[in-house]
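**Q** What follows is the file structure23.txt, containing compact mmCIF, C-alpha atoms and all ligand atoms:
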# COMPACT_ATOMS: atom_id res chain seq x y z
CA MET D 1 19.39 20.89 -3.93
CA PRO D 2 16.65 21.32 -1.33
CA GLN D 3 16.55 18.99 1.62
CA VAL D 4 13.44 17.20 2.84
CA SER D 5 12.79 15.49 6.16
CA MET D 6 9.97 13.19 7.14
CA THR D 7 9.26 10.22 9.35
CA VAL D 8 9.07 6.93 7.47
CA ASN D 9 7.86 3.83 9.29
CA GLY D 10 8.65 5.51 12.59
CA LYS D 11 12.21 6.56 11.71
CA SER D 12 13.34 10.00 10.65
CA ALA D 13 14.51 10.26 7.06
CA THR D 14 16.23 13.16 5.37
CA GLY D 15 17.51 13.56 1.85
CA GLU D 16 18.33 15.98 -0.92
CA VAL D 17 15.80 16.10 -3.73
CA GLU D 18 15.02 18.09 -6.80
CA GLY D 19 11.85 20.12 -6.76
CA ARG D 20 10.27 17.68 -9.20
CA THR D 21 11.20 14.52 -7.25
CA LEU D 22 8.11 12.47 -6.49
CA LEU D 23 7.52 10.96 -3.07
CA SER D 24 7.58 7.51 -4.70
CA THR D 25 11.02 8.22 -6.16
CA PHE D 26 12.32 9.55 -2.85
CA LEU D 27 11.16 6.42 -1.03
CA ARG D 28 12.69 4.08 -3.59
CA GLU D 29 15.87 5.87 -4.59
CA ASN D 30 16.88 7.91 -1.55
CA LEU D 31 15.65 5.53 1.15
CA ASN D 32 15.92 2.25 -0.78
CA LEU D 33 12.35 1.33 0.22
CA THR D 34 11.65 -0.44 -3.03
CA GLY D 35 8.51 -2.19 -1.76
CA THR D 36 6.63 0.88 -2.96
CA HIS D 37 6.25 -0.06 -6.61
CA ILE D 38 5.89 2.17 -9.63
CA GLY D 39 3.55 0.75 -12.23
CA CYS D 40 2.52 3.83 -14.15
CA ASP D 41 3.68 7.13 -12.61
CA THR D 42 0.41 8.64 -13.77
CA SER D 43 -1.80 7.86 -10.75
CA GLN D 44 -3.61 5.00 -12.46
CA CYS D 45 -2.39 1.76 -10.91
CA GLY D 46 -2.08 2.24 -7.14
CA ALA D 47 1.11 0.15 -6.88
CA CYS D 48 2.77 3.11 -5.17
CA THR D 49 0.14 3.47 -2.42
CA VAL D 50 1.47 4.55 0.99
CA HIS D 51 -0.02 6.34 3.97
CA VAL D 52 0.75 10.01 4.55
CA ASP D 53 -0.29 11.26 7.98
CA GLY D 54 -2.61 8.27 8.20
CA LYS D 55 -4.28 8.80 4.83
CA GLN D 56 -3.98 6.54 1.79
CA VAL D 57 -2.04 8.34 -0.95
CA LYS D 58 -0.60 7.30 -4.30
CA SER D 59 2.96 8.39 -3.73
CA CYS D 60 3.51 9.18 -7.42
CA THR D 61 0.93 11.95 -7.11
CA MET D 62 2.88 13.91 -4.52
CA LEU D 63 6.22 15.69 -4.56
CA ALA D 64 8.74 14.61 -1.96
CA LEU D 65 8.97 18.22 -0.79
CA GLU D 66 5.23 18.21 -0.08
CA ALA D 67 5.85 15.46 2.47
CA GLU D 68 8.10 17.67 4.59
CA GLY D 69 7.42 16.85 8.24
CA ALA D 70 4.87 14.14 7.39
CA GLU D 71 4.48 10.68 8.88
CA ILE D 72 4.79 8.14 6.07
CA ALA D 73 3.97 4.47 6.31
CA THR D 74 5.10 2.04 3.60
CA ILE D 75 4.80 -1.69 3.10
CA GLU D 76 8.20 -2.18 4.75
CA GLY D 77 6.72 -1.02 8.05
CA GLN D 78 3.74 -3.40 8.04
CA ALA D 79 5.32 -6.61 9.30
CA ALA D 80 6.76 -6.88 12.80
CA GLU D 81 10.51 -6.41 13.35
CA ASP D 82 10.98 -10.18 13.42
CA GLY D 83 9.27 -10.52 10.04
CA THR D 84 5.89 -11.72 11.34
CA LEU D 85 3.31 -10.63 8.80
CA ASN D 86 0.46 -8.42 9.93
CA ALA D 87 -3.11 -9.73 9.68
CA ILE D 88 -3.67 -8.33 6.18
CA GLN D 89 -0.40 -9.68 4.80
CA GLN D 90 -1.08 -13.07 6.37
CA ALA D 91 -4.58 -13.14 4.88
CA PHE D 92 -3.17 -12.37 1.42
CA GLN D 93 -0.87 -15.35 1.85
CA ASP D 94 -3.58 -17.64 3.24
CA HIS D 95 -6.15 -16.77 0.55
CA HIS D 96 -3.77 -16.55 -2.42
CA GLY D 97 -4.39 -12.84 -2.83
CA LEU D 98 -1.33 -12.41 -5.02
CA GLN D 99 0.36 -13.93 -8.00
CA CYS D 100 3.27 -11.86 -9.35
CA GLY D 101 3.06 -9.59 -6.31
CA PHE D 102 3.60 -6.35 -8.17
CA CYS D 103 0.35 -4.77 -7.02
CA THR D 104 0.49 -6.33 -3.55
CA PRO D 105 2.22 -3.59 -1.53
CA GLY D 106 -0.31 -1.07 -2.79
CA MET D 107 -3.19 -3.47 -2.18
CA VAL D 108 -2.05 -4.12 1.40
CA MET D 109 -1.67 -0.42 2.13
CA ALA D 110 -5.09 0.31 0.59
CA ALA D 111 -6.62 -2.52 2.61
CA ALA D 112 -5.07 -1.21 5.83
CA SER D 113 -6.61 2.16 5.16
CA LEU D 114 -10.03 0.65 4.45
CA LEU D 115 -10.05 -1.52 7.57
CA LYS D 116 -9.06 1.43 9.72
CA GLU D 117 -12.10 3.37 8.48
CA ASN D 118 -14.44 0.40 8.12
CA PRO D 119 -13.42 -2.61 10.23
CA LYS D 120 -16.01 -4.97 8.70
CA PRO D 121 -16.49 -3.98 5.07
CA SER D 122 -18.89 -5.79 2.79
CA GLU D 123 -17.61 -7.37 -0.42
CA ALA D 124 -19.04 -4.43 -2.36
CA GLU D 125 -17.30 -1.95 -0.08
CA VAL D 126 -13.96 -3.73 -0.49
CA ARG D 127 -14.34 -3.74 -4.26
CA HIS D 128 -15.30 -0.07 -4.28
CA HIS D 129 -12.29 0.84 -2.12
CA LEU D 130 -9.91 -1.00 -4.46
CA GLU D 131 -11.07 0.86 -7.55
CA GLY D 132 -7.80 2.82 -7.68
CA ASN D 133 -5.59 -0.26 -7.37
CA LEU D 134 -5.06 -2.39 -10.46
CA CYS D 135 -4.05 -6.04 -10.53
CA ARG D 136 -3.29 -7.72 -13.83
CA CYS D 137 -3.02 -11.24 -12.41
CA THR D 138 -5.58 -12.28 -9.84
CA GLY D 139 -8.92 -11.09 -11.14
CA TYR D 140 -9.29 -9.40 -7.72
CA HIS D 141 -11.44 -12.15 -6.27
CA ASN D 142 -8.88 -13.56 -3.84
CA ILE D 143 -7.69 -10.07 -2.91
CA VAL D 144 -11.22 -9.16 -1.85
CA LYS D 145 -11.53 -12.44 0.01
CA ALA D 146 -8.21 -11.87 1.81
CA ILE D 147 -9.22 -8.40 2.94
CA MET D 148 -12.55 -9.65 4.24
CA ALA D 149 -10.79 -12.50 6.05
CA ALA D 150 -8.32 -10.04 7.57
CA SER D 151 -11.30 -8.16 8.99
CA GLY D 152 -12.34 -11.32 10.82
CA GLN D 153 -15.28 -12.16 8.56
CA ASP D 154 -16.16 -15.67 7.48
CA VAL D 155 -15.23 -15.96 3.82
CA SER D 156 -16.00 -19.65 3.43
CA ALA D 157 -19.16 -18.85 1.45
CA ILE D 158 -17.19 -16.84 -1.09
CA ALA D 159 -16.25 -19.26 -3.83
CA ALA D 160 -12.59 -19.71 -4.65
CA GLU D 161 -11.54 -18.48 -8.06
S1 LIG A 1 2.80 4.35 -9.92
FE1 LIG A 1 1.53 5.61 -8.73
S2 LIG A 1 -0.48 5.11 -9.35
FE2 LIG A 1 0.78 3.89 -10.64
S1 LIG A 2 -0.59 -10.08 -8.38
FE1 LIG A 2 0.31 -9.49 -10.27
S2 LIG A 2 -0.43 -7.49 -10.60
FE2 LIG A 2 -1.52 -8.18 -8.87
What would the structure in this file look like if it were written as structure tokens?

**A**
Amino acid sequence: MPQVSMTVNGKSATGEVEGRTLLSTFLRENLNLTGTHIGCDTSQCGACTVHVDGKQVKSCTMLALEAEGAEIATIEGQAAEDGTLNAIQQAFQDHHGLQCGFCTPGMVMAAASLLKENPKPSEAEVRHHLEGNLCRCTGYHNIVKAIMAASGQDVSAIAAE
């Protein structure tokens, strides 16, 4: 089987894959990074969102072999080594931006990408950015609020849901 090598959360990772192996499968099954969730495998839900060379990508839309030599960031690399949550993760906790948590890794990775490009997004911009990430629990309201809070904006005027 072909071998693939990439950097994942700052560490080099190598594994044998089939040509059809998806990046999402490689992360979960070869590297045991199961924080990248698979909700659909058909690029609908966004639960598998990671960053590839700094860009937000649904990892079920890419073959593992296509990530040869790439820098991958997953949810496991977002908190500090001692487990301290990053600002986005903390805001999700503070503003109840999750219920079952299935969509959360993808939401956090999508949010990180948005805030990198647009450090102070409006509510409409946050909602637009999250169009490819589905959540069946929260109604999105608290997710949007958490992302705006993580960007340092006052969210007290946004009503709780
Ligand atoms: S598992 Fe990749 S978009 Fe749903
Ligand atoms: S918190 Fe359950 S799917 Fe989003």

**Q** Residues up to 9 Å from ligand LIG 2 (chain A), counting all atoms listed in the file: could you list those as a PyMOL selection string?

**A** chain D and resi 47+97-104+107+134-140+143

**Q** How would you write, as a PyMOL selection string, the set of residues no farther than 7 Å from ligand LIG 1 (chain A) when counting all atoms listed in the file?

**A** chain D and resi 37-49+58-61

**Q** So that I can see what lies close to segment 82-93 of chain D, please list as number ranges by chain the residues with an atom at most 7 Å from it, counting all atoms listed in the file and leaving out residues fewer than 6 positions away in the same chain.

**A** D: 108, 143, 146-147, 149-150

**Q** Could you name the residues that touch Gly35 of chain D at 9 Å or less, counting only C-alpha atoms, but leaving out those on the same chain fewer than 6 positions away, as number ranges by chain?

**A** D: 28, 48, 74-76, 105-106

**Q** Name all residues at most 8 Å from Ala67 of chain D (count all atoms listed in the file; drop same-chain ones fewer than 2 positions away) and give them as a list in words.

**A**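 The neighbour list is Val4, Ser5, Met6, Leu23, Val52, Met62, Leu63, Ala64, Leu65, Gly69 and Ala70 of chain D.
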
**Q** Counting only C-alpha atoms, figure out which residue out of D:Val144, D:Leu130, D:Val8, D:Met1 gets nearest to Glu68 of chain D.

**A**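 Smallest separation from Glu68 of chain D among the options: D:Val8.
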
**Q** Counting all atoms listed in the file, which residues in segment 25-63 of chain D sit no more than 12 Å from segment 113-123 of chain D? For each one, give the nearest pair of atoms and the distance in Å, sorted by chain then residue number, as CSV.

**A**
residue,atom,partner,partner_atom,distance
D:Thr49,CA,D:Ser113,CA,10.2
D:Val50,CA,D:Ser113,CA,9.4
D:His51,CA,D:Ser113,CA,7.9
D:Val52,CA,D:Ser113,CA,10.8
D:Asp53,CA,D:Ser113,CA,11.4
D:Gly54,CA,D:Ser113,CA,7.9
D:Lys55,CA,D:Ser113,CA,7.0
D:Gln56,CA,D:Ser113,CA,6.1
D:Val57,CA,D:Ser113,CA,9.8

**Q** Please fill the gaps in segment 35-66 of chain D so it has N, CA and C atoms, and write that as a tab-separated table (two decimals), in the frame of the given file.

**A**
chain	number	residue	atom	x	y	z
D	35	GLY	N	9.82	-1.52	-1.83
D	35	GLY	CA	8.51	-2.19	-1.76
D	35	GLY	C	7.40	-1.32	-2.31
D	36	THR	N	7.59	-0.03	-2.31
D	36	THR	CA	6.63	0.88	-2.96
D	36	THR	C	6.91	0.81	-4.45
D	37	HIS	N	6.00	0.18	-5.18
D	37	HIS	CA	6.25	-0.06	-6.61
D	37	HIS	C	5.73	1.08	-7.48
D	38	ILE	N	6.33	1.17	-8.66
D	38	ILE	CA	5.89	2.17	-9.63
D	38	ILE	C	5.40	1.43	-10.88
D	39	GLY	N	4.10	1.46	-11.08
D	39	GLY	CA	3.55	0.75	-12.23
D	39	GLY	C	3.21	1.67	-13.36
D	40	CYS	N	2.97	2.96	-13.07
D	40	CYS	CA	2.52	3.83	-14.15
D	40	CYS	C	3.07	5.24	-14.05
D	41	ASP	N	3.23	5.75	-12.83
D	41	ASP	CA	3.68	7.13	-12.61
D	41	ASP	C	2.65	8.16	-13.03
D	42	THR	N	1.45	7.71	-13.32
D	42	THR	CA	0.41	8.64	-13.77
D	42	THR	C	-0.86	8.49	-12.93
D	43	SER	N	-0.72	8.01	-11.73
D	43	SER	CA	-1.80	7.86	-10.75
D	43	SER	C	-2.92	6.93	-11.17
D	44	GLN	N	-2.60	5.94	-12.01
D	44	GLN	CA	-3.61	5.00	-12.46
D	44	GLN	C	-3.63	3.69	-11.66
D	45	CYS	N	-2.46	3.17	-11.30
D	45	CYS	CA	-2.39	1.76	-10.91
D	45	CYS	C	-2.44	1.48	-9.41
D	46	GLY	N	-2.03	2.43	-8.59
D	46	GLY	CA	-2.08	2.24	-7.14
D	46	GLY	C	-0.94	1.41	-6.56
D	47	ALA	N	0.00	0.97	-7.39
D	47	ALA	CA	1.11	0.15	-6.88
D	47	ALA	C	1.99	0.93	-5.90
D	48	CYS	N	1.92	2.25	-5.99
D	48	CYS	CA	2.77	3.11	-5.17
D	48	CYS	C	2.06	3.60	-3.90
D	49	THR	N	0.95	2.98	-3.54
D	49	THR	CA	0.14	3.47	-2.42
D	49	THR	C	0.89	3.38	-1.09
D	50	VAL	N	0.90	4.48	-0.37
D	50	VAL	CA	1.47	4.55	0.99
D	50	VAL	C	0.46	5.30	1.85
D	51	HIS	N	0.80	5.49	3.11
D	51	HIS	CA	-0.02	6.34	3.97
D	51	HIS	C	0.78	7.60	4.30
D	52	VAL	N	0.14	8.73	4.19
D	52	VAL	CA	0.75	10.01	4.55
D	52	VAL	C	-0.11	10.63	5.64
D	53	ASP	N	0.47	10.77	6.81
D	53	ASP	CA	-0.29	11.26	7.98
D	53	ASP	C	-1.59	10.47	8.14
D	54	GLY	N	-1.48	9.15	7.97
D	54	GLY	CA	-2.61	8.27	8.20
D	54	GLY	C	-3.58	8.15	7.05
D	55	LYS	N	-3.34	8.87	5.96
D	55	LYS	CA	-4.28	8.80	4.83
D	55	LYS	C	-3.63	8.07	3.66
D	56	GLN	N	-4.44	7.29	2.97
D	56	GLN	CA	-3.98	6.54	1.79
D	56	GLN	C	-3.67	7.51	0.65
D	57	VAL	N	-2.45	7.42	0.12
D	57	VAL	CA	-2.04	8.34	-0.95
D	57	VAL	C	-1.24	7.55	-1.98
D	58	LYS	N	-1.47	7.84	-3.26
D	58	LYS	CA	-0.60	7.30	-4.30
D	58	LYS	C	0.65	8.17	-4.32
D	59	SER	N	1.77	7.57	-3.96
D	59	SER	CA	2.96	8.39	-3.73
D	59	SER	C	3.56	8.97	-5.00
D	60	CYS	N	3.06	8.55	-6.17
D	60	CYS	CA	3.51	9.18	-7.42
D	60	CYS	C	2.72	10.44	-7.71
D	61	THR	N	1.73	10.75	-6.87
D	61	THR	CA	0.93	11.95	-7.11
D	61	THR	C	1.38	13.11	-6.24
D	62	MET	N	2.47	12.91	-5.51
D	62	MET	CA	2.88	13.91	-4.52
D	62	MET	C	4.38	14.15	-4.66
D	63	LEU	N	4.79	15.38	-4.54
D	63	LEU	CA	6.22	15.69	-4.56
D	63	LEU	C	6.82	15.34	-3.20
D	64	ALA	N	8.06	14.92	-3.23
D	64	ALA	CA	8.74	14.61	-1.96
D	64	ALA	C	8.73	15.83	-1.05
D	65	LEU	N	8.93	17.00	-1.62
D	65	LEU	CA	8.97	18.22	-0.79
D	65	LEU	C	7.63	18.50	-0.10
D	66	GLU	N	6.55	18.02	-0.70
D	66	GLU	CA	5.23	18.21	-0.08
D	66	GLU	C	5.06	17.34	1.15
